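**Q** Below is the file query-v3.cif, with mmCIF, C-alpha atoms.
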```
data_my_file
loop_
_atom_site.label_atom_id
_atom_site.label_comp_id
_atom_site.auth_asym_id
_atom_site.auth_seq_id
_atom_site.Cartn_x
_atom_site.Cartn_y
_atom_site.Cartn_z
CA MET T 1 0.00 0.00 0.00
CA PRO T 2 1.49 3.40 -0.93
CA GLY T 3 2.72 5.27 2.09
CA ALA T 4 2.64 2.28 4.46
CA ARG T 5 5.68 2.34 6.72
CA GLN T 6 7.79 -0.74 7.23
CA PRO T 7 7.15 -2.02 10.75
CA THR T 8 10.71 -3.25 11.20
CA ALA T 9 12.31 0.15 10.59
CA PRO T 10 13.69 1.82 13.74
CA ALA T 11 12.17 5.08 14.94
CA GLY T 12 13.42 7.87 12.71
CA PHE T 13 13.33 11.66 12.63
CA GLY T 14 9.61 11.85 11.87
CA ASP T 15 8.68 9.36 14.59
CA PHE T 16 10.72 11.29 17.14
CA VAL T 17 9.12 14.65 16.34
CA ARG T 18 5.58 13.29 16.28
CA ALA T 19 6.18 11.54 19.60
CA HIS T 20 7.43 14.69 21.33
CA GLY T 21 5.70 17.55 19.49
CA GLY T 22 2.12 18.71 18.97
CA ASN T 23 -0.81 19.03 21.39
CA GLY T 24 0.87 21.88 23.26
CA ARG T 25 4.38 20.39 23.08
CA LEU T 26 7.13 21.61 20.79
CA VAL T 27 10.38 20.23 19.40
CA VAL T 28 12.80 23.10 18.73
CA GLN T 29 15.68 23.18 16.28
CA PRO T 30 18.50 25.61 15.39
CA ARG T 31 19.81 26.48 11.93
CA MET T 32 23.42 25.72 12.80
CA GLY T 33 26.44 24.82 10.71
CA PHE T 34 30.20 25.20 11.17
CA SER T 35 32.95 24.15 8.78
CA ASP T 36 35.27 23.05 11.59
CA PRO T 37 34.36 19.52 12.73
CA ALA T 38 35.16 20.26 16.38
CA ALA T 39 32.89 23.31 16.36
CA MET T 40 30.14 21.35 14.60
CA ARG T 41 30.35 18.61 17.23
CA ALA T 42 30.29 21.21 20.02
CA GLY T 43 27.21 22.80 18.48
CA LEU T 44 25.39 19.47 18.34
CA MET T 45 26.34 18.65 21.91
CA ALA T 46 25.12 22.04 23.15
CA THR T 47 21.85 21.64 21.24
CA ARG T 48 21.28 18.22 22.79
CA ALA T 49 22.07 19.55 26.28
CA ALA T 50 19.76 22.58 26.02
CA ALA T 51 16.82 22.90 28.40
CA ALA T 52 14.39 22.00 25.63
CA ARG T 53 13.24 19.06 23.53
CA THR T 54 15.58 19.44 20.57
CA VAL T 55 16.76 17.90 17.34
CA GLY T 56 20.15 18.65 15.86
CA THR T 57 21.09 20.43 12.66
CA ILE T 58 24.06 20.30 10.33
CA THR T 59 23.68 23.16 7.86
CA LEU T 60 25.91 22.97 4.81
CA ASP T 61 28.07 25.74 3.40
CA ALA T 62 27.32 27.91 0.38
CA HIS T 63 29.99 26.31 -1.82
CA THR T 64 28.51 22.84 -1.31
CA ARG T 65 25.00 24.15 -2.02
CA VAL T 66 25.98 25.26 -5.52
CA GLY T 67 28.35 22.39 -6.27
CA ARG T 68 31.62 24.35 -5.96
CA LEU T 69 33.40 21.52 -4.23
CA ASP T 70 36.80 22.77 -5.41
CA ALA T 71 36.22 26.05 -3.57
CA ALA T 72 35.18 24.17 -0.42
CA ASP T 73 38.33 22.05 -0.71
CA ALA T 74 40.50 25.16 -1.06
CA ALA T 75 38.90 26.72 2.01
CA LEU T 76 39.54 23.59 4.07
CA ARG T 77 43.18 23.46 2.93
CA ASP T 78 43.70 27.14 3.72
CA GLY T 79 41.87 27.03 7.03
CA THR T 80 39.32 29.58 5.81
CA PRO T 81 36.06 29.33 7.77
CA LEU T 82 32.95 28.56 5.73
CA ASN T 83 29.35 29.45 6.56
CA GLY T 84 28.41 25.82 7.06
CA TYR T 85 29.63 22.24 7.14
CA PRO T 86 31.07 20.85 3.85
CA VAL T 87 29.77 17.32 4.24
CA VAL T 88 30.82 16.21 0.76
CA ASN T 89 34.41 17.39 1.21
CA HIS T 90 35.06 16.19 4.74
CA PRO T 91 36.09 12.51 4.81
CA PRO T 92 33.24 10.25 5.96
CA ALA T 93 35.31 9.22 8.97
CA THR T 94 35.52 12.87 10.06
CA THR T 95 31.74 13.31 9.97
CA ALA T 96 31.29 9.98 11.73
CA ARG T 97 33.47 11.31 14.57
CA VAL T 98 31.40 14.51 14.69
CA LEU T 99 28.24 12.44 15.22
CA HIS T 100 29.63 9.64 17.38
CA GLY T 101 27.86 9.38 20.73
CA ILE T 102 25.57 12.34 19.96
CA ARG T 103 23.17 11.35 17.22
CA GLY T 104 20.76 8.57 18.13
CA PRO T 105 17.13 7.66 18.83
CA ARG T 106 16.88 10.37 21.50
CA PHE T 107 18.60 13.04 19.43
CA PRO T 108 18.07 12.81 15.66
CA VAL T 109 20.03 15.11 13.35
CA GLN T 110 18.82 16.78 10.16
CA VAL T 111 21.07 18.03 7.36
CA ARG T 112 20.00 21.33 5.77
CA HIS T 113 21.59 22.43 2.52
CA GLY T 114 19.77 24.78 0.09
CA SER T 115 20.76 23.06 -3.17
CA ALA T 116 18.86 22.96 -6.45
CA ARG T 117 21.22 20.17 -7.61
CA PRO T 118 21.37 17.98 -4.51
CA VAL T 119 22.27 14.51 -5.85
CA GLY T 120 25.89 14.67 -4.67
CA ILE T 121 24.78 15.86 -1.24
CA PHE T 122 22.25 13.06 -0.84
CA ARG T 123 24.79 10.53 -2.02
CA ALA T 124 27.10 11.68 0.79
CA LEU T 125 24.28 11.59 3.34
CA ALA T 126 23.26 8.09 2.33
CA ALA T 127 26.84 6.88 2.63
CA LEU T 128 26.95 8.26 6.18
CA GLY T 129 23.54 6.84 7.11
CA LEU T 130 22.17 10.35 7.72
CA ASP T 131 18.44 9.97 7.16
CA ALA T 132 16.87 13.42 7.56
CA SER T 133 17.13 16.41 5.24
CA GLU T 134 14.96 19.07 3.58
CA GLY T 135 14.41 21.31 0.56
CA GLY T 136 12.45 20.77 -2.63
CA PRO T 137 12.59 21.13 -6.42
CA ILE T 138 10.78 24.50 -6.36
CA SER T 139 11.81 26.05 -3.06
CA TYR T 140 15.53 25.36 -3.49
CA CYS T 141 15.57 26.51 -7.09
CA LEU T 142 13.56 29.66 -7.70
CA PRO T 143 14.71 31.97 -4.93
CA TYR T 144 18.41 31.15 -4.89
CA GLY T 145 19.86 31.28 -8.40
CA ARG T 146 19.28 30.66 -12.08
CA THR T 147 19.37 26.86 -12.24
CA PRO T 148 16.68 25.91 -14.76
CA LEU T 149 13.62 24.54 -12.98
CA ALA T 150 13.63 21.44 -15.21
CA GLU T 151 17.15 20.59 -13.99
CA SER T 152 16.18 21.07 -10.36
CA VAL T 153 13.09 18.87 -10.74
CA ALA T 154 15.12 16.10 -12.40
CA GLU T 155 17.88 16.28 -9.78
CA TRP T 156 15.43 16.25 -6.90
CA ALA T 157 13.64 13.20 -8.34
CA THR T 158 16.94 11.32 -8.44
CA ALA T 159 17.93 12.55 -4.99
CA CYS T 160 14.63 11.43 -3.45
CA GLU T 161 14.93 7.97 -4.95
CA LEU T 162 18.52 7.68 -3.76
CA PHE T 163 17.48 8.81 -0.26
CA ALA T 164 14.53 6.41 -0.22
CA SER T 165 16.95 3.54 -0.75
CA LEU T 166 18.07 4.00 2.86
CA ARG T 167 14.98 1.97 3.75
CA GLU T 168 16.77 -1.08 2.38
CA ARG T 169 19.38 -0.52 5.13
CA GLY T 170 16.78 -0.36 7.89
CA ARG T 171 16.43 3.43 8.08
CA GLU T 172 13.30 5.48 7.42
CA PRO T 173 14.46 8.57 5.47
CA HIS T 174 12.72 11.84 6.27
CA LEU T 175 12.36 14.91 4.06
CA GLU T 176 11.00 18.34 4.97
CA THR T 177 9.56 20.66 2.35
CA PHE T 178 10.95 24.18 2.18
CA GLY T 179 8.02 25.35 0.04
CA GLY T 180 6.29 27.10 2.93
CA CYS T 181 9.19 29.53 3.20
CA MET T 182 9.42 30.92 -0.37
CA LEU T 183 11.44 34.17 -0.40
CA GLY T 184 11.04 34.47 3.37
CA GLN T 185 8.34 37.13 3.22
CA LEU T 186 5.69 38.84 1.06
CA CYS T 187 4.49 35.57 -0.46
CA PRO T 188 0.76 35.17 0.34
CA PRO T 189 0.14 32.16 2.59
CA SER T 190 -2.07 30.30 0.13
CA LEU T 191 0.87 30.00 -2.29
CA LEU T 192 3.23 28.96 0.52
CA VAL T 193 0.81 26.23 1.58
CA ALA T 194 0.27 25.05 -2.00
CA ILE T 195 3.98 24.75 -2.79
CA SER T 196 4.67 22.98 0.50
CA VAL T 197 1.96 20.42 -0.22
CA LEU T 198 3.09 19.94 -3.83
CA GLU T 199 6.68 19.33 -2.75
CA ALA T 200 5.49 16.80 -0.15
CA LEU T 201 3.54 14.97 -2.86
CA PHE T 202 6.66 15.07 -5.08
CA PHE T 203 8.70 13.44 -2.31
CA VAL T 204 6.10 10.70 -1.84
CA ARG T 205 5.91 9.94 -5.54
CA HIS T 206 9.67 9.45 -5.56
CA GLY T 207 9.70 7.00 -2.69
CA VAL T 208 9.96 9.05 0.52
CA ARG T 209 7.30 8.14 3.10
CA SER T 210 8.25 10.23 6.16
CA LEU T 211 7.60 13.94 5.66
CA SER T 212 7.34 17.32 7.29
CA VAL T 213 5.61 20.29 5.70
CA SER T 214 6.87 23.79 6.34
CA TYR T 215 5.31 27.17 6.91
CA ALA T 216 7.15 30.40 7.75
CA GLN T 217 5.65 32.85 10.22
CA GLN T 218 4.46 36.00 8.46
CA VAL T 219 2.88 39.15 9.98
CA SER T 220 -0.71 38.38 10.98
CA VAL T 221 -1.28 35.78 13.69
CA GLU T 222 -4.82 35.21 12.45
CA GLN T 223 -3.71 34.66 8.85
CA ASP T 224 -0.86 32.39 9.92
CA THR T 225 -3.29 30.33 11.99
CA GLU T 226 -5.54 30.00 8.94
CA ALA T 227 -2.55 28.95 6.84
CA VAL T 228 -1.42 26.14 9.15
CA GLY T 229 -5.02 24.94 9.34
CA ALA T 230 -5.14 24.88 5.54
CA LEU T 231 -1.81 23.06 5.38
CA ARG T 232 -3.02 20.40 7.79
CA ARG T 233 -6.29 19.86 5.94
CA LEU T 234 -4.65 19.52 2.52
CA CYS T 235 -2.05 17.09 3.86
CA ALA T 236 -4.76 15.00 5.50
CA GLU T 237 -6.67 14.95 2.22
CA LEU T 238 -3.79 14.25 -0.15
CA LEU T 239 -0.80 12.60 1.52
CA PRO T 240 -0.89 8.78 1.35
CA THR T 241 0.96 8.42 4.66
CA ASP T 242 0.32 9.27 8.28
CA ASP T 243 4.02 9.89 8.95
CA TRP T 244 4.03 13.68 8.57
CA HIS T 245 4.15 16.74 10.79
CA VAL T 246 4.14 20.53 10.53
CA VAL T 247 7.32 22.54 11.02
CA LEU T 248 6.99 26.27 11.63
CA TYR T 249 9.81 28.72 10.96
CA THR T 250 10.39 31.84 13.01
CA TYR T 251 9.98 34.86 10.71
CA MET T 252 12.46 34.66 7.81
CA GLY T 253 12.28 38.21 6.48
CA VAL T 254 14.07 41.38 7.59
CA PHE T 255 14.75 40.59 11.24
CA PRO T 256 14.68 42.95 14.24
CA GLU T 257 18.03 44.57 15.04
CA THR T 258 17.52 44.87 18.80
CA GLU T 259 17.85 41.98 21.23
CA GLN T 260 14.48 42.86 22.74
CA GLY T 261 12.81 42.87 19.31
CA ALA T 262 14.38 39.58 18.26
CA ARG T 263 13.33 37.88 21.50
CA ARG T 264 9.76 39.17 21.21
CA LEU T 265 9.48 37.90 17.63
CA LEU T 266 10.92 34.49 18.53
CA ALA T 267 8.50 34.20 21.46
CA ASP T 268 5.60 35.09 19.16
CA SER T 269 6.62 32.31 16.78
CA ALA T 270 6.70 29.77 19.61
CA GLU T 271 3.23 30.85 20.72
CA LEU T 272 2.03 30.55 17.12
CA ALA T 273 3.47 27.03 16.89
CA VAL T 274 1.54 25.95 19.99
CA ARG T 275 -1.63 27.74 18.85
CA THR T 276 -1.60 25.89 15.53
CA GLY T 277 -0.48 22.50 16.85
CA ALA T 278 2.84 22.58 14.96
CA GLU T 279 5.13 19.82 16.17
CA ARG T 280 8.47 21.50 15.44
CA LEU T 281 9.85 25.07 15.36
CA ILE T 282 13.02 26.23 13.63
CA VAL T 283 14.28 29.22 15.57
CA LYS T 284 16.23 32.38 14.88
CA THR T 285 18.53 34.18 17.29
CA VAL T 286 19.19 37.70 18.53
CA ALA T 287 22.16 37.92 16.13
CA GLU T 288 20.24 37.17 12.91
CA SER T 289 20.33 40.74 11.55
CA ARG T 290 24.09 41.13 12.07
CA ARG T 291 26.10 37.91 11.74
CA ILE T 292 26.21 34.14 12.04
CA PRO T 293 25.10 33.32 15.59
CA THR T 294 27.32 31.64 18.15
CA ILE T 295 26.56 28.28 19.70
CA GLN T 296 25.41 29.96 22.91
CA GLU T 297 23.10 32.32 21.02
CA ASN T 298 21.52 29.31 19.33
CA VAL T 299 21.04 27.59 22.68
CA ASP T 300 19.52 30.74 24.18
CA ALA T 301 17.03 30.88 21.31
CA LEU T 302 16.12 27.22 21.73
CA GLU T 303 15.53 27.63 25.44
CA LEU T 304 13.48 30.83 25.04
CA ALA T 305 11.27 29.17 22.43
CA ALA T 306 10.83 26.06 24.58
CA ALA T 307 9.98 28.06 27.71
CA THR T 308 7.49 30.19 25.78
CA ALA T 309 5.88 27.09 24.30
CA ARG T 310 5.56 25.44 27.71
CA ALA T 311 3.82 28.51 29.09
CA ALA T 312 1.58 28.85 26.05
CA GLY T 313 0.71 25.18 26.10
CA THR T 314 -1.20 25.58 29.35
CA THR T 315 -3.54 28.26 28.00
CA ALA T 316 -3.45 28.29 24.19
CA PRO T 317 -6.69 27.32 22.49
CA ALA T 318 -6.80 24.20 20.35
CA PRO T 319 -6.82 24.84 16.58
CA LEU T 320 -10.33 25.75 15.48
CA ALA T 321 -11.92 23.41 12.96
CA HIS T 322 -13.59 26.20 10.99
CA LEU T 323 -10.18 27.62 10.01
CA ALA T 324 -9.78 24.71 7.61
CA ASP T 325 -12.44 26.29 5.37
CA SER T 326 -10.74 29.69 5.35
CA PRO T 327 -9.98 31.76 2.23
CA THR T 328 -6.38 30.59 2.59
CA TYR T 329 -7.48 26.95 2.33
CA GLN T 330 -9.74 27.66 -0.64
CA GLU T 331 -6.98 29.41 -2.58
CA ALA T 332 -4.34 26.83 -1.68
CA ALA T 333 -6.62 23.94 -2.63
CA ALA T 334 -7.43 25.58 -5.98
CA LEU T 335 -3.71 25.99 -6.71
CA VAL T 336 -2.80 22.43 -5.73
CA HIS T 337 -5.62 20.77 -7.68
CA ALA T 338 -5.02 22.93 -10.76
CA VAL T 339 -1.41 21.74 -10.82
CA LEU T 340 -2.28 18.10 -10.18
CA ASP T 341 -4.81 18.21 -13.02
CA LEU T 342 -2.14 19.26 -15.54
CA HIS T 343 -0.45 15.87 -15.82
CA PRO T 344 -0.31 12.57 -13.87
CA ASP T 345 3.51 12.92 -13.76
CA LEU T 346 4.00 15.54 -11.05
CA SER T 347 7.41 16.55 -12.41
CA ARG T 348 5.82 17.48 -15.73
CA ALA T 349 2.87 19.10 -13.95
CA LEU T 350 5.15 21.39 -11.91
CA LEU T 351 7.06 22.53 -14.99
CA ASP T 352 3.83 23.11 -16.89
CA ALA T 353 2.38 25.01 -13.94
CA PHE T 354 5.19 27.55 -14.03
CA ARG T 355 5.03 27.85 -17.81
CA ARG T 356 1.31 28.63 -17.60
CA GLY T 357 1.67 30.83 -14.53
CA TYR T 358 -0.50 28.56 -12.36
CA LEU T 359 2.38 28.87 -9.91
CA ASP T 360 3.99 32.33 -9.89
CA VAL T 361 5.94 33.70 -6.94
CA PRO T 362 5.70 37.46 -6.28
CA TYR T 363 8.97 39.42 -6.66
CA CYS T 364 10.89 36.28 -7.70
CA LEU T 365 13.33 37.04 -10.55
CA HIS T 366 14.05 33.46 -11.65
CA PRO T 367 13.72 33.07 -15.46
CA ASP T 368 11.19 30.23 -15.08
CA ASN T 369 8.88 32.37 -12.94
CA GLN T 370 6.41 34.49 -14.93
CA GLY T 371 6.64 37.35 -12.44
CA LEU T 372 3.08 38.59 -13.01
CA THR T 373 1.93 38.33 -9.38
CA ARG T 374 2.35 40.97 -6.69
CA SER T 375 1.45 41.16 -3.01
CA TYR T 376 1.17 43.75 -0.25
CA LEU T 377 0.48 44.05 3.46
CA ASP T 378 -2.91 45.47 4.32
CA PRO T 379 -3.30 47.70 7.40
CA SER T 380 -4.03 44.70 9.62
CA GLY T 381 -0.84 42.93 8.54
CA ARG T 382 -2.48 40.35 6.28
CA LEU T 383 -0.60 39.44 3.12
CA CYS T 384 -2.90 40.08 0.17
CA TRP T 385 -2.73 39.74 -3.59
CA ALA T 386 -2.19 42.97 -5.50
CA ALA T 387 -2.06 41.05 -8.80
CA THR T 388 -2.72 37.35 -9.38
CA GLY T 389 -1.38 37.04 -12.92
CA ASN T 390 -2.47 33.67 -14.30
CA LEU T 391 -2.95 31.96 -10.95
CA PRO T 392 -6.13 29.82 -11.08
CA ILE T 393 -7.71 31.69 -8.16
CA ALA T 394 -9.45 34.57 -9.95
CA HIS T 395 -12.78 33.30 -8.64
CA LEU T 396 -11.48 33.46 -5.06
CA ALA T 397 -8.97 36.30 -4.70
CA ARG T 398 -9.87 39.96 -5.08
CA PRO T 399 -6.67 41.87 -5.85
CA ARG T 400 -6.48 45.46 -4.75
CA GLY T 401 -7.35 47.84 -7.57
CA GLY T 402 -6.69 51.50 -8.15
CA THR T 403 -3.51 51.83 -6.07
CA ARG T 404 -0.13 51.63 -7.74
CA LEU T 405 2.54 49.62 -5.97
CA THR T 406 5.69 51.68 -5.39
CA SER T 407 9.25 50.98 -4.33
CA ALA T 408 8.64 52.96 -1.14
CA GLY T 409 5.59 50.85 -0.37
CA LEU T 410 7.53 47.64 -1.03
CA LEU T 411 10.34 48.78 1.29
CA ALA T 412 7.81 49.63 4.00
CA ASP T 413 6.27 46.16 3.70
CA LEU T 414 9.68 44.47 3.80
CA THR T 415 10.74 46.28 6.97
CA HIS T 416 7.34 46.27 8.70
CA VAL T 417 8.13 43.41 11.09
CA ARG T 418 11.58 44.69 12.01
CA ASN T 419 10.26 48.17 12.76
CA ARG T 420 7.28 46.84 14.68
CA PHE T 421 9.30 44.59 16.97
CA ASP T 422 12.21 46.98 17.43
CA SER T 423 9.78 49.63 18.68
CA PRO T 424 9.20 49.58 22.45
CA PRO T 425 6.03 47.66 23.33
CA ALA T 426 3.04 49.78 24.21
CA PRO T 427 2.80 50.30 27.98
CA THR T 428 0.05 48.52 29.87
CA LEU T 429 -2.74 50.45 31.57
CA ALA T 430 -1.09 49.83 34.95
CA ALA T 431 2.24 51.17 33.71
CA ARG T 432 0.59 54.28 32.24
CA THR T 433 -1.25 54.90 35.50
CA GLU T 434 1.93 54.50 37.54
CA THR T 435 3.83 56.86 35.24
CA ALA T 436 1.06 59.44 35.46
CA GLY T 437 1.12 59.24 39.26
CA VAL T 438 4.90 59.77 39.40
CA SER T 439 4.67 62.76 37.04
CA SER T 440 1.88 64.48 38.94
CA GLY T 441 3.68 64.00 42.25
#
```
Represent the structure contained in this file as structure tokens.
**A**
Amino acid sequence: MPGARQPTAPAGFGDFVRAHGGNGRLVVQPRMGFSDPAAMRAGLMATRAAAARTVGTITLDAHTRVGRLDAADAALRDGTPLNGYPVVNHPPATTARVLHGIRGPRFPVQVRHGSARPVGIFRALAALGLDASEGGPISYCLPYGRTPLAESVAEWATACELFASLRERGREPHLETFGGCMLGQLCPPSLLVAISVLEALFFVRHGVRSLSVSYAQQVSVEQDTEAVGALRRLCAELLPTDDWHVVLYTYMGVFPETEQGARRLLADSAELAVRTGAERLIVKTVAESRRIPTIQENVDALELAAATARAAGTTAPAPLAHLADSPTYQEAAALVHAVLDLHPDLSRALLDAFRRGYLDVPYCLHPDNQGLTRSYLDPSGRLCWAATGNLPIAHLARPRGGTRLTSAGLLADLTHVRNRFDSPPAPTLAARTETAGVSSG
């Protein structure tokens, strides 16, 4: 039966997260990668020891992501630090030592990479027995370069099948979609949900049975809650497996510059994760707007998110069933079914969808993206369509008319969250009363 898990396989990444996340509980995860093996091991150890339920991360470097293995080799020879771990270039024995005694059933590790041509990366992961990764043929192609979409789709099909072969060695490989995070911001949630679901279906059709579906926190709590409800409903309707969970990302756009603003935004994302029943949260740190965070800054973020989630879990309402019928669900469902109706081969359907403009990401400059859609933030913080191009949602979406989008307006939308969270929070009534009393005295 498609999607049935092999009962003899040991508990993997997906089993661990579903066992420890959801229903008011939250598994938290950093976005951490260091080129030096000792630093990478120290980062994993600190993540495991944090006062939180965690999973580990090995994030790869930029050279490996784009296949510049010669440049990664040169950096390792010269002792030049990279912005991640070059798993293809380090000898397998080196990575095995990094993981020894750390990775296991109580602390799974995911490899994050960002590559549109990931076959070499997945070959290295399979050789090491690393069984959790993420990405997708759309989400790791369009925003990050000019790799033709057809090449990315073909590479990802091969990579998924290679990764799925780990099942023959007694491991259940897990893949997370990155489709719910397109461009980080200003992509309306219905399109984020649709791409996340389509990438999950792509993984399944190429042999992967354990999945997570992503969604990145945007601006409006209400709209984000709708979006996760829509994501859950579509996955329940379409995925031929029960081994899946939702992973929420702390806001991925222009991040607050102050420590207070960054902490407030991270706490909001943890509360959102609990509110929506998300099982896992990928955090950001107070250093995001300035530099690569330290190990301690990552641990601090994990512990803040976990503490916030524990507090929210005692009072947060359960996800409301009616949110599954929201406008976000209706638009996302229309997008997904329009793509699936194009061709029984999902690879061909995805390529055709971009050619026709059935999928079209606002402000994305990739040559395979039509670029006819636009979005904006309304006064309440909801992401809305300003132009839908050829998206098959004309009967559902009502783009704003009569107001011209400007560069100043786009900049204001891009920096809205940073400015909002860097501003001091409004004082409470009690604080205003106290201040007034001091002044009058």
**Q** Do you know which residues the PyMOL selection byres ((chain T and resi 420) around 12) returns on this file, as a PyMOL selection string?
**A** chain T and resi 219+254-258+260-262+264-265+381+412-419+421-426
**Q** Could you tell me how far atom CA of Leu359 of chain T sits from atom CA of Leu149 of chain T, in Å to one decimal place?
**A**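 Separation of atom CA of Leu149 of chain T and atom CA of Leu359 of chain T: 12.4 Å.
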**Q** Evaluating the PyMOL selection byres ((chain T and resi 92-99) around 7) on the displayed file yields which residues, as a VMD selection string?
**A** chain T and resid 37 40 to 41 90 to 91 100 to 103 128
**Q** Between T:Gly79, T:Val274, T:Leu281, T:Thr294, which residue has the minimum interatomic distance to Arg310 of chain T, considering only C-alpha atoms?
**A**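 When distances to Arg310 of chain T are compared using only C-alpha atoms, the smallest one comes from T:Val274.
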**Q** Determine the nearest neighbour of Pro399 of chain T from the options T:Tyr329, T:Val247, T:Pro188, T:Val228, counting all atoms listed in the file.
**A**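 The answer is T:Pro188, which sits nearest to Pro399 of chain T.
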**Q** Would you write out, as a VMD selection string, every residue that the PyMOL selection byres ((chain T and resi 268) around 10) captures in this file?
**A** chain T and resid 217 221 250 to 251 262 to 267 269 to 273 305 308 to 309
**Q** Show which residues sit within 6 Å of segment 63-69 of chain T, as a list in words. Count all atoms listed in the file, and ignore same-chain residues fewer than 5 positions away.
**A**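 Answer for this query is His113, Gly114 and Ser115 of chain T.
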**Q** Go ahead and dump the residues you just picked, C-alpha atoms, as an mmCIF file, in the frame of the given file.
**A**
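Result file out_1.cif:
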```
data_model
loop_
_atom_site.group_PDB
_atom_site.id
_atom_site.type_symbol
_atom_site.label_atom_id
_atom_site.label_comp_id
_atom_site.auth_asym_id
_atom_site.auth_seq_id
_atom_site.Cartn_x
_atom_site.Cartn_y
_atom_site.Cartn_z
ATOM 1 C CA HIS T 113 21.590 22.430 2.520
ATOM 2 C CA GLY T 114 19.770 24.780 0.090
ATOM 3 C CA SER T 115 20.760 23.060 -3.170
#
```
**Q** Would you work out the distance separating atom CA of His343 of chain T from atom CA of Trp385 of chain T, expressed in Å to one decimal?
**A**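 Separation of atom CA of His343 of chain T and atom CA of Trp385 of chain T: 26.9 Å.
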**Q** From the options T:Asp368, T:Glu134, T:Glu237, T:Glu161, which residue's atoms come nearest to Ser212 of chain T, counting all atoms listed in the file?
**A** T:Glu134
**Q** If you measure from atom CA of Arg233 of chain T to atom CA of Ala216 of chain T, what distance in Å do you get, rounded to one decimal?
**A** 17.2 Å
**Q** Around all the atoms of segment 236-246 of chain T listed in the file, with 6 Å of room on each side, what axis-aligned box do you get, giving centre and edge lengths in Å to one decimal, as JSON?
**A**
```
{"center_x": -1.3, "center_y": 14.5, "center_z": 5.3, "size_x": 22.8, "size_y": 24.1, "size_z": 22.9}
```
**Q** So that I can see what lies close to Ala338 of chain T, please list as a ChimeraX atom specification the residues with an atom at most 10 Å from it, counting all atoms listed in the file and leaving out residues fewer than 6 positions away in the same chain.
**A** /T:332,349,353,358-359,391-393
**Q** With distances taken over all atoms listed in the file, which residue among T:Gly12, T:Gly136, T:Gly43, T:Gly170 lies nearest Arg106 of chain T?
**A**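 For Arg106 of chain T, the nearest of the given residues is T:Gly12.
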